[in-house]
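The structure appears below as structure tokens.
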Amino acid sequence: MNTLNPNGFIATIIDNKTATITFSHPASNSFPSNLLKDLTNELNSLSENESVSVIVLKSEGSGAFCAGASFDELLSITNFEDGKLFFSGFANVINAMRTCKKIIIGRVQGKAVGGGVGLASACDYVFATDNASVKLSEIAIGIGPFVIEPAVSRKIGKTAMSQLTLAAHDWKSAKWSFENGLYSEIFSSIEDLDTSLALFTSKLASYNPEALQEMKNVFWENTAHWNTLLYDRAAISGQLVLSEFTKKALSAFKK
């Protein structure tokens, strides 16, 4: 399935029981609400596709993996309902990744910010390059990584999460991300990453799909409450994004 629009696209290719989802946006692969909706729908569809055993989630290009939320759309939010709805888009994606019946492998070729860190955290296994630094800048713009926090903390723990959140202007290296459990493997080049990724996914795709699904269930035990939690968190962000502090900070970031 291919979904094309002026605000980016989602494209999926299925080969040898592996579905590769590519997301793209001209603003460093950031996510406006329409792209979040498309990704959620694609994940839900692939979850029920019996010809697929493994999903690879990647972004287009060799630069940033994902810049998180669309700043343009954040600046356009003028009321609580729209704010909660926008941040619920990230909640929808993370919950779709969590409940997806397929193992999801992340391919992180470059920097990840905010929601991009959330996407990587919601993957079951992540391949990354040495250039794949991470940053949670939300506190610096007057909000916080509330929606993605459960996914990130589940991977790296509360201590590392607090370091990443409060050092909002600092990049954490791919090595730091690997040592704290966000990345499963790191590589010196995209070429080496892709070679290992192809081998890894081909092996996974040859395994019993029922066993893979049961292991996925085990990996995500005790997260059913996220069906409520993530939307409660979206409400917090939806309120904070209306603050004068956040509007000024977003405008400054765009200059």
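Convention: chains lettered A, B, ... in structure tokens order; per-chain residue numbering from 1; ligands numbered from 1 as shown.
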
**OP:** Considering only C-alpha atoms, return as a PyMOL selection string whatever protein or nucleic-acid residues lie within 12 Å of Asn7 of chain A, sequence-local ones (same chain, fewer than 5 positions apart) excluded.
**Re:** chain A and resi 23-36+38+70+72-73

**OP:** Excluding Gln213 of chain A and residues on its chain fewer than 6 positions from it, collect all residues at most 12 Å away from it, counting only C-alpha atoms, and give them as an NGL selection string.
**Re:** :A and (47-48 or 50 or 52-54 or 98-104 or 124 or 204-205 or 207 or 219-220)

File of the preceding selection, C-alpha atoms, as a PDB file, in the first residue's frame:
ATOM      1  CA  SER A  47      -1.228  -6.846  12.028  1.00  0.00           C
ATOM      2  CA  GLU A  48      -4.028  -8.857  10.402  1.00  0.00           C
ATOM      3  CA  GLU A  50      -1.337 -13.459   7.345  1.00  0.00           C
ATOM      4  CA  VAL A  52       3.425 -10.963   6.942  1.00  0.00           C
ATOM      5  CA  SER A  53       5.500 -12.232   9.880  1.00  0.00           C
ATOM      6  CA  VAL A  54       7.819  -9.272  10.472  1.00  0.00           C
ATOM      7  CA  ARG A  98       2.196  -2.343  20.992  1.00  0.00           C
ATOM      8  CA  THR A  99      -0.832  -4.414  19.975  1.00  0.00           C
ATOM      9  CA  CYS A 100       0.425  -5.347  16.510  1.00  0.00           C
ATOM     10  CA  LYS A 101       0.621  -9.125  16.140  1.00  0.00           C
ATOM     11  CA  LYS A 102       3.910  -8.867  14.241  1.00  0.00           C
ATOM     12  CA  ILE A 103       7.417  -8.261  15.538  1.00  0.00           C
ATOM     13  CA  ILE A 104       8.451  -4.705  14.605  1.00  0.00           C
ATOM     14  CA  ASP A 124      10.646  -4.693  19.459  1.00  0.00           C
ATOM     15  CA  LEU A 204      12.864 -14.026  11.771  1.00  0.00           C
ATOM     16  CA  ALA A 205      10.533 -14.455   8.797  1.00  0.00           C
ATOM     17  CA  TYR A 207      10.345 -18.803  12.223  1.00  0.00           C
ATOM     18  CA  PHE A 219       7.275  -8.631  25.483  1.00  0.00           C
ATOM     19  CA  TRP A 220       4.313  -6.301  26.021  1.00  0.00           C
TER      20      TRP A 220
END

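Taking atom CA of Gly110 of chain A as the reference point, atom CA of Lys158 of chain A is found at 24.0 Å.
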
**OP:** For Ala122 of chain A, please output as a PyMOL selection string all residues within 10 Å (counting only C-alpha atoms; exclusion window: fewer than 3 positions along the same chain).
**Re:** chain A and resi 93-98+104-106+116-119+125-126+148+150-152+154-155+182+220

Original post:
Excluding same-chain residues fewer than 4 positions from Leu250 of chain A, what lies within 8 Å of it counting only C-alpha atoms, as JSON, numbers by chain?
Top reply: {"A": [71, 74, 75, 141, 246, 254]}

**OP:** List every residue of segment 19-63 of chain A that DSSP, applied to the backbone, labels as strand (DSSP E), and write the result as a list in words.
**Re:** Ala19, Thr20, Ile21, Thr22, Phe23, Ser24, Val54, Ile55, Val56, Leu57, Lys58 and Ser59 of chain A

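Candidate residues A:Asn222, A:Ser137, A:Ser88, A:Asn217 were compared for distance to Ala234 of chain A, and the nearest is A:Ser88, using only C-alpha atoms.
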